[in-house]
$ cat run34.tsv   # TSV, C-alpha atoms (C1' of nucleotides)
chain	number	residue	atom	x	y	z
H	157	MET	CA	0.00	0.00	0.00
H	158	LEU	CA	1.11	3.53	-0.77
H	159	ASP	CA	2.74	5.38	2.09
H	160	PHE	CA	1.40	8.89	1.72
H	161	ASP	CA	3.85	10.20	4.27
H	162	LYS	CA	6.64	9.45	1.87
H	163	CYS	CA	4.78	11.02	-1.06
H	164	PRO	CA	5.75	14.56	-2.07
H	165	CYS	CA	2.07	15.44	-1.56
H	166	SER	CA	2.79	15.36	2.18
H	167	GLY	CA	4.79	18.53	1.74
H	168	SER	CA	7.95	17.03	3.15
H	169	ASN	CA	9.92	18.03	0.08
H	170	LEU	CA	9.64	21.79	0.10
H	171	ASP	CA	13.29	22.24	0.72
H	172	ARG	CA	13.94	24.11	-2.44
H	173	LEU	CA	12.96	27.01	-0.24
H	174	ILE	CA	15.80	26.35	2.13
H	175	GLN	CA	18.09	28.50	0.04
H	176	PRO	CA	15.93	31.64	0.18
H	177	MET	CA	15.24	30.96	3.84
H	178	ILE	CA	18.96	30.89	4.56
H	179	LEU	CA	19.49	34.10	2.61
H	180	MET	CA	16.60	35.71	4.44
H	181	ASN	CA	18.07	34.85	7.82
H	182	LEU	CA	21.41	36.28	6.78
H	183	VAL	CA	19.97	39.63	5.71
H	184	GLN	CA	19.39	40.50	9.33
H	185	GLU	CA	22.68	39.34	10.80
H	186	ASP	CA	25.62	37.02	10.32
H	187	LEU	CA	24.81	33.53	11.54
H	188	TYR	CA	26.31	30.04	11.72
H	189	GLY	CA	24.82	26.83	10.38
H	190	TYR	CA	23.39	25.37	13.54
H	191	LYS	CA	21.64	28.62	14.43
H	192	ILE	CA	20.14	28.80	10.95
H	193	VAL	CA	18.77	25.28	11.34
H	194	GLN	CA	17.09	26.35	14.57
H	195	ARG	CA	15.70	29.56	13.08
H	196	ILE	CA	14.26	27.67	10.12
H	197	ALA	CA	12.77	25.02	12.42
H	198	ASP	CA	11.10	27.77	14.45
H	199	SER	CA	9.64	29.45	11.36
H	200	PRO	CA	5.91	28.92	10.85
H	201	MET	CA	6.69	27.13	7.63
H	202	PHE	CA	8.57	24.27	9.26
H	203	LYS	CA	6.50	24.18	12.44
H	204	GLY	CA	9.30	22.91	14.61
H	205	ASN	CA	10.43	20.22	12.18
H	206	LYS	CA	14.15	20.70	11.91
H	207	PRO	CA	15.42	20.74	8.36
H	208	ASP	CA	18.22	18.29	7.70
H	209	GLY	CA	21.35	19.82	9.19
H	210	THR	CA	23.67	18.21	6.67
H	211	GLY	CA	21.61	19.77	3.90
H	212	VAL	CA	21.88	23.24	5.41
H	213	TYR	CA	25.65	22.94	5.91
H	214	ARG	CA	26.06	21.75	2.36
H	215	SER	CA	23.81	24.50	1.01
H	216	LEU	CA	25.90	27.08	2.83
H	217	LYS	CA	29.10	25.64	1.43
H	218	ALA	CA	27.64	25.64	-2.08
H	219	MET	CA	26.41	29.18	-1.64
H	220	GLU	CA	29.87	30.27	-0.59
H	221	GLN	CA	31.38	28.69	-3.69
H	222	ARG	CA	28.88	30.63	-5.77
H	223	GLY	CA	29.78	33.85	-4.00
H	224	LEU	CA	26.47	34.46	-2.25
H	225	VAL	CA	28.04	34.34	1.20
H	226	VAL	CA	31.49	34.43	2.80
H	227	SER	CA	32.40	32.57	5.96
H	228	SER	CA	34.88	32.84	8.80
H	229	TRP	CA	35.54	30.81	11.93
H	230	SER	CA	34.56	32.30	15.24
H	231	LEU	CA	36.79	31.06	18.06
H	232	ALA	CA	36.22	34.10	20.26
H	233	ASP	CA	33.58	32.87	22.66
H	234	THR	CA	33.23	29.67	24.63
H	235	GLY	CA	31.98	26.43	23.10
H	236	PRO	CA	32.79	24.69	19.82
H	237	ALA	CA	34.07	26.75	16.92
H	238	LYS	CA	31.35	28.22	14.75
H	239	ARG	CA	31.54	29.11	11.12
H	240	PHE	CA	29.79	32.43	10.64
H	241	TYR	CA	28.33	33.31	7.26
H	242	HIS	CA	27.98	36.82	5.89
H	243	LEU	CA	25.81	37.85	2.95
H	244	THR	CA	27.63	39.40	-0.02
H	245	ASN	CA	26.25	41.90	-2.54
H	246	VAL	CA	25.74	39.03	-4.95
H	247	GLY	CA	23.83	37.20	-2.21
H	248	GLU	CA	21.63	40.25	-1.74
H	249	GLU	CA	20.84	40.36	-5.42
H	250	CYS	CA	20.07	36.66	-5.32
H	251	LEU	CA	17.64	37.25	-2.46
H	252	SER	CA	15.99	40.10	-4.31
H	253	ARG	CA	15.46	37.79	-7.26
H	254	TRP	CA	14.02	35.19	-4.94
H	255	LEU	CA	11.47	37.75	-3.81
H	256	SER	CA	9.97	38.13	-7.29
H	257	THR	CA	10.25	34.40	-7.97
H	258	LEU	CA	8.43	33.56	-4.77
H	259	GLU	CA	5.68	36.04	-5.54
H	260	GLU	CA	5.22	34.51	-8.97
H	261	TYR	CA	5.33	31.12	-7.38
H	262	ARG	CA	2.63	32.02	-4.92
H	263	ASN	CA	0.39	33.40	-7.66
H	264	ALA	CA	0.95	30.30	-9.78
H	265	ILE	CA	-0.05	28.04	-6.91
H	266	GLY	CA	-3.11	30.19	-6.35
H	267	MET	CA	-4.13	29.76	-9.96
H	268	LEU	CA	-3.42	26.06	-9.84
H	269	LEU	CA	-5.64	25.67	-6.79
H	270	GLU	CA	-8.40	27.65	-8.49
H	271	ASP	CA	-8.16	25.41	-11.54
H	272	VAL	CA	-8.51	22.29	-9.44
H	273	HIS	CA	-11.54	23.69	-7.67
H	274	LYS	CA	-13.08	24.60	-11.03
H	275	ALA	CA	-12.33	21.13	-12.33
H	276	CYS	CA	-14.00	19.68	-9.28
H	277	VAL	CA	-17.20	21.58	-10.00
H	278	HIS	CA	-17.33	20.53	-13.64
H	279	SER	CA	-16.55	16.83	-13.39
H	280	ASN	CA	-17.82	13.79	-11.52
H	281	ARG	CA	-14.28	12.97	-10.60
H	282	GLY	CA	-13.94	16.17	-8.72
H	283	LYS	CA	-16.61	15.31	-6.20
H	284	GLY	CA	-14.48	12.49	-4.96
H	285	VAL	CA	-11.50	14.78	-4.60
H	286	GLU	CA	-13.49	17.41	-2.76
H	287	LYS	CA	-14.96	14.77	-0.51
H	288	SER	CA	-11.66	13.16	0.39
H	289	ARG	CA	-10.27	16.61	0.93
H	290	GLU	CA	-12.86	17.27	3.62
H	291	PHE	CA	-11.97	13.98	5.19
H	292	ILE	CA	-8.33	14.91	5.42
H	293	GLY	CA	-9.14	18.42	6.55
T	261	MET	CA	30.67	35.71	-12.52
T	262	LEU	CA	27.51	34.13	-11.18
T	263	ASP	CA	24.96	33.16	-13.80
T	264	PHE	CA	21.68	34.10	-12.16
T	265	ASP	CA	19.72	32.31	-14.85
T	266	LYS	CA	21.08	29.04	-13.54
T	267	CYS	CA	20.36	29.97	-9.94
T	268	PRO	CA	17.22	28.53	-8.34
T	269	CYS	CA	16.25	32.14	-7.61
T	270	SER	CA	15.34	32.41	-11.29
T	271	GLY	CA	12.43	30.10	-10.60
T	272	SER	CA	13.55	27.58	-13.19
T	273	ASN	CA	13.51	24.78	-10.64
T	274	LEU	CA	9.94	24.71	-9.52
T	275	ASP	CA	9.35	21.35	-11.07
T	276	ARG	CA	8.44	19.65	-7.86
T	277	LEU	CA	5.03	20.91	-8.83
T	278	ILE	CA	5.00	18.81	-11.96
T	279	GLN	CA	3.49	15.91	-10.07
T	280	PRO	CA	0.45	17.82	-8.78
T	281	MET	CA	0.10	19.50	-12.16
T	282	ILE	CA	-0.10	16.12	-13.86
T	283	LEU	CA	-2.64	14.89	-11.31
T	284	MET	CA	-4.65	18.06	-11.77
T	285	ASN	CA	-4.78	17.59	-15.52
T	286	LEU	CA	-5.93	14.02	-15.10
T	287	VAL	CA	-8.82	14.91	-12.78
T	288	GLN	CA	-10.66	16.38	-15.72
T	289	GLU	CA	-10.00	13.69	-18.31
T	290	ASP	CA	-7.70	10.86	-19.31
T	291	LEU	CA	-4.68	12.20	-21.16
T	292	TYR	CA	-1.41	11.05	-22.71
T	293	GLY	CA	2.07	12.30	-21.96
T	294	TYR	CA	2.60	14.62	-24.88
T	295	LYS	CA	-0.73	16.35	-24.28
T	296	ILE	CA	0.11	16.82	-20.61
T	297	VAL	CA	3.39	18.44	-21.57
T	298	GLN	CA	1.49	20.89	-23.79
T	299	ARG	CA	-1.12	21.62	-21.14
T	300	ILE	CA	1.54	22.32	-18.54
T	301	ALA	CA	3.46	24.51	-20.98
T	302	ASP	CA	0.27	26.51	-21.63
T	303	SER	CA	-0.44	26.98	-17.92
T	304	PRO	CA	0.25	30.48	-16.58
T	305	MET	CA	2.86	28.99	-14.29
T	306	PHE	CA	5.12	27.78	-17.09
T	307	LYS	CA	4.37	30.63	-19.50
T	308	GLY	CA	4.95	28.59	-22.62
T	309	ASN	CA	8.18	27.00	-21.41
T	310	LYS	CA	7.72	23.32	-22.07
T	311	PRO	CA	8.68	21.13	-19.14
T	312	ASP	CA	11.16	18.40	-19.99
T	313	GLY	CA	9.24	15.70	-21.84
T	314	THR	CA	11.42	12.89	-20.57
T	315	GLY	CA	10.74	14.03	-17.04
T	316	VAL	CA	6.99	13.99	-17.55
T	317	TYR	CA	7.05	10.53	-19.13
T	318	ARG	CA	9.17	9.24	-16.29
T	319	SER	CA	6.95	10.88	-13.67
T	320	LEU	CA	3.92	9.21	-15.23
T	321	LYS	CA	5.64	5.85	-15.21
T	322	ALA	CA	6.68	6.31	-11.57
T	323	MET	CA	3.18	7.40	-10.66
T	324	GLU	CA	1.78	4.28	-12.26
T	325	GLN	CA	4.14	2.10	-10.26
T	326	ARG	CA	2.92	3.85	-7.12
T	327	GLY	CA	-0.68	3.24	-8.11
T	328	LEU	CA	-1.72	6.85	-8.66
T	329	VAL	CA	-2.60	6.26	-12.31
T	330	VAL	CA	-3.20	3.38	-14.70
T	331	SER	CA	-2.33	3.47	-18.38
T	332	SER	CA	-3.44	1.84	-21.61
T	333	TRP	CA	-2.42	2.16	-25.24
T	334	SER	CA	-4.77	3.90	-27.59
T	335	LEU	CA	-4.46	2.60	-31.15
T	336	ALA	CA	-8.01	3.49	-32.15
T	337	ASP	CA	-7.51	6.77	-33.97
T	338	THR	CA	-5.01	7.86	-36.57
T	339	GLY	CA	-1.44	8.87	-35.72
T	340	PRO	CA	1.18	7.30	-33.49
T	341	ALA	CA	0.06	5.17	-30.58
T	342	LYS	CA	-0.66	7.11	-27.40
T	343	ARG	CA	-0.47	5.89	-23.86
T	344	PHE	CA	-3.47	7.26	-22.00
T	345	TYR	CA	-3.34	7.69	-18.25
T	346	HIS	CA	-6.32	7.42	-15.93
T	347	LEU	CA	-6.44	8.67	-12.34
T	348	THR	CA	-7.11	6.02	-9.69
T	349	ASN	CA	-8.77	6.50	-6.31
T	350	VAL	CA	-5.34	6.56	-4.72
T	351	GLY	CA	-4.34	9.23	-7.22
T	352	GLU	CA	-7.38	11.27	-6.24
T	353	GLU	CA	-6.44	11.04	-2.60
T	354	CYS	CA	-2.90	12.07	-3.47
T	355	LEU	CA	-4.24	15.10	-5.30
T	356	SER	CA	-6.46	16.02	-2.38
T	357	ARG	CA	-3.41	15.93	-0.15
T	358	TRP	CA	-1.55	18.09	-2.60
T	359	LEU	CA	-4.32	20.67	-2.30
T	360	SER	CA	-3.77	21.17	1.42
T	361	THR	CA	-0.01	21.01	1.01
T	362	LEU	CA	-0.08	23.68	-1.69
T	363	GLU	CA	-2.31	25.91	0.40
T	364	GLU	CA	0.10	25.60	3.30
T	365	TYR	CA	2.94	26.20	0.93
T	366	ARG	CA	1.35	29.37	-0.37
T	367	ASN	CA	0.74	30.68	3.13
T	368	ALA	CA	4.29	29.88	4.13
T	369	ILE	CA	5.67	31.78	1.15
T	370	GLY	CA	3.43	34.70	2.05
T	371	MET	CA	4.82	34.76	5.56
T	372	LEU	CA	8.36	34.42	4.30
T	373	LEU	CA	7.88	37.40	1.99
T	374	GLU	CA	6.43	39.43	4.86
T	375	ASP	CA	9.41	38.56	7.03
T	376	VAL	CA	11.86	39.70	4.38
T	377	HIS	CA	10.04	42.98	3.96
T	378	LYS	CA	10.07	43.47	7.73
T	379	ALA	CA	13.77	42.64	7.85
T	380	CYS	CA	14.37	45.19	5.12
T	381	VAL	CA	12.74	47.93	7.18
T	382	HIS	CA	14.75	47.16	10.28
T	383	SER	CA	18.24	46.76	8.87
T	384	ASN	CA	20.67	48.69	6.71
T	385	ARG	CA	21.22	45.61	4.64
T	386	GLY	CA	17.62	45.58	3.65
T	387	LYS	CA	17.80	48.88	1.87
T	388	GLY	CA	20.16	47.37	-0.63
T	389	VAL	CA	17.85	44.44	-1.19
T	390	GLU	CA	14.83	46.65	-1.63
T	391	LYS	CA	16.76	48.87	-3.99
T	392	SER	CA	18.06	46.08	-6.17
T	393	ARG	CA	14.59	44.65	-6.18
T	394	GLU	CA	13.27	47.82	-7.78
T	395	PHE	CA	16.06	47.64	-10.30
T	396	ILE	CA	15.09	44.15	-11.32
T	397	GLY	CA	11.43	45.01	-11.28
Y	4	DT	C1'	31.15	9.83	34.84
Y	5	DC	C1'	27.61	9.79	31.74
Y	6	DT	C1'	24.33	11.95	28.82
Y	7	DA	C1'	22.26	15.65	26.25
Y	8	DT	C1'	23.07	19.65	23.64
Y	9	DT	C1'	25.81	22.38	20.73
Y	10	DA	C1'	28.41	22.51	16.36
Y	11	DT	C1'	30.32	20.90	11.86
Y	12	DA	C1'	30.72	17.70	8.28
Y	13	DG	C1'	31.70	13.31	5.20
Y	14	DG	C1'	29.66	8.90	2.95
Y	15	DA	C1'	26.26	6.55	0.48
Y	16	DG	C1'	22.31	5.69	-1.92
Y	17	DA	C1'	17.82	7.32	-3.51
Y	18	DA	C1'	15.23	10.58	-5.91
Y	19	DT	C1'	15.08	14.30	-9.34
Y	20	DG	C1'	16.40	17.05	-13.04
Y	21	DT	C1'	18.30	17.83	-17.59
Y	22	DC	C1'	20.36	17.10	-21.93
Y	23	DT	C1'	21.10	14.10	-25.75
Y	24	DT	C1'	19.75	10.64	-28.69
Y	25	DA	C1'	16.63	7.12	-30.89
Y	26	DT	C1'	12.33	5.49	-32.99
Y	27	DG	C1'	8.34	5.89	-35.66
Y	28	DT	C1'	3.82	8.43	-37.57
Y	29	DT	C1'	1.60	11.88	-40.06
Y	30	DA	C1'	0.46	16.40	-42.31
Y	31	DG	C1'	1.77	19.92	-45.18
Y	32	DA	C1'	5.08	22.39	-48.06
Y	33	DT	C1'	8.28	22.36	-52.00
Z	267	DA	C1'	8.01	12.48	-54.86
Z	268	DT	C1'	10.62	14.24	-51.19
Z	269	DC	C1'	11.56	16.81	-47.30
Z	270	DT	C1'	10.54	19.10	-43.06
Z	271	DA	C1'	8.01	20.02	-38.97
Z	272	DA	C1'	5.07	18.50	-35.53
Z	273	DC	C1'	3.35	14.54	-33.03
Z	274	DA	C1'	4.38	10.76	-29.64
Z	275	DT	C1'	7.19	7.80	-26.59
Z	276	DA	C1'	11.22	6.60	-24.31
Z	277	DA	C1'	16.18	5.06	-22.99
Z	278	DG	C1'	20.99	6.70	-21.66
Z	279	DA	C1'	23.92	9.40	-19.11
Z	280	DC	C1'	25.27	12.73	-16.11
Z	281	DA	C1'	24.55	16.38	-12.57
Z	282	DT	C1'	22.17	17.99	-8.72
Z	283	DT	C1'	19.60	17.44	-4.64
Z	284	DC	C1'	17.71	14.93	-0.69
Z	285	DT	C1'	17.97	12.06	3.23
Z	286	DC	C1'	19.71	9.00	6.43
Z	287	DC	C1'	23.65	7.33	8.86
Z	288	DT	C1'	27.87	8.07	10.88
Z	289	DA	C1'	32.02	10.71	12.88
Z	290	DT	C1'	34.19	14.44	15.35
Z	291	DA	C1'	34.67	17.41	19.28
Z	292	DA	C1'	33.37	20.91	23.13
Z	293	DT	C1'	30.59	21.85	26.96
Z	294	DA	C1'	26.87	21.91	30.50
Z	295	DG	C1'	24.36	19.58	33.79
Z	296	DA	C1'	22.61	15.34	36.13
$ encode --input "run34.tsv" --output "structure tokens"
Amino acid sequence: MLDFDKCPCSGSNLDRLIQPMILMNLVQEDLYGYKIVQRIADSPMFKGNKPDGTGVYRSLKAMEQRGLVVSSWSLADTGPAKRFYHLTNVGEECLSRWLSTLEEYRNAIGMLLEDVHKACVHSNRGKGVEKSREFIG
Amino acid sequence: MLDFDKCPCSGSNLDRLIQPMILMNLVQEDLYGYKIVQRIADSPMFKGNKPDGTGVYRSLKAMEQRGLVVSSWSLADTGPAKRFYHLTNVGEECLSRWLSTLEEYRNAIGMLLEDVHKACVHSNRGKGVEKSREFIG
DNA sequence: TCTATTATAGGAGAATGTCTTATGTTAGAT
DNA sequence: ATCTAACATAAGACATTCTCCTATAATAGA
């Protein structure tokens, strides 16, 4: 039987947005990987579900190679060494592009949802979808 | 120099939504791969940019293996043989889940955009982002 | 001393994405 | 008659991304 929890429809695979979320967090202040993971987990979008740490570290590394951020070790305070990331001008431009992309994205999803609802009104099929949707809530 | 067109911020990598788009198209009527590619290309979201055909064909095949759709060859009419796909009950449930996921997704993006705008007001950084945003339009 | 938390990161395999190539049908233009 | 474009499906190959498991080390508190 199909495990819906492992299906993309469960929304577990929205991590393409991890990149803009990282950039967004870095606009406000320089941060290190672990902190970013926590911030993202606390965001309403992730509802306390921590994103994969390895993924965030790797994203940061990739972003540095692409010039969106620069990093430096912080040994100053107590505790394990932390690698702090700082947003570059290129990173800012990337974030500004993300803003328009995300707005388009949101509109597109809105239209897609409308289309499905329309389709549900005009077909027999749709009734089943609407019904099961209620069931899932 | 960074090629922004190859950066996810360009919005070229939103194909995770290809699965729900396929399901959505199949709610209304049985369709074959090539037609689905055209429908998706014509949707406001893709603005005429055809999604990768190979990807769609493979998605359909994967979806059949997972029981979301069933397929059959159509040799009836003229032209090359077409493999028609039909949505199953499981596929309908998957679509209904996608609906809630996409609504959440849209809300989350909305909140993320708000947060960035807030961050822009409260930091020096932000001014640059806002400015370059205008520039890109 | 032992455990949980903080902090970073590599390895491996699965899932996805993308580009190229191959195959064959049919309609319309030259 | 031939040639080209559009229709239709699909494998191959490679890159990117995702996810889980594991390794490391410092520190705080039980």
$ residues_around --input "run34.tsv" --residues "segment 16-25 of chain Y" --least-positions-apart "2" --cutoff "8 Å" --atoms "only C-alpha atoms (C1' of nucleotides)" --output "list in words"
Asp312 and Gly315 of chain T; DT282, DT283 and DC284 of chain Z
$ interface_residues --input "run34.tsv" --of "chain Z" --to "chain T" --cutoff "10 Å" --atoms "all atoms listed in the file" --output "MDAnalysis selection string"
chainID Z and resid 273:277
$ atom_distance --input "run34.tsv" --atom1 "atom CA of Arg366 of chain T" --atom2 "atom CA of Val297 of chain T"
23.9 Å
$ atom_distance --input "run34.tsv" --atom1 "atom C1' of DG13 of chain Y" --atom2 "atom CA of Pro176 of chain H"
24.7 Å
$ closest_residue --input "run34.tsv" --among "H:Val183, H:Cys250, H:Met177, H:Leu216" --to "chain Y" --atoms "all atoms listed in the file"
H:Leu216
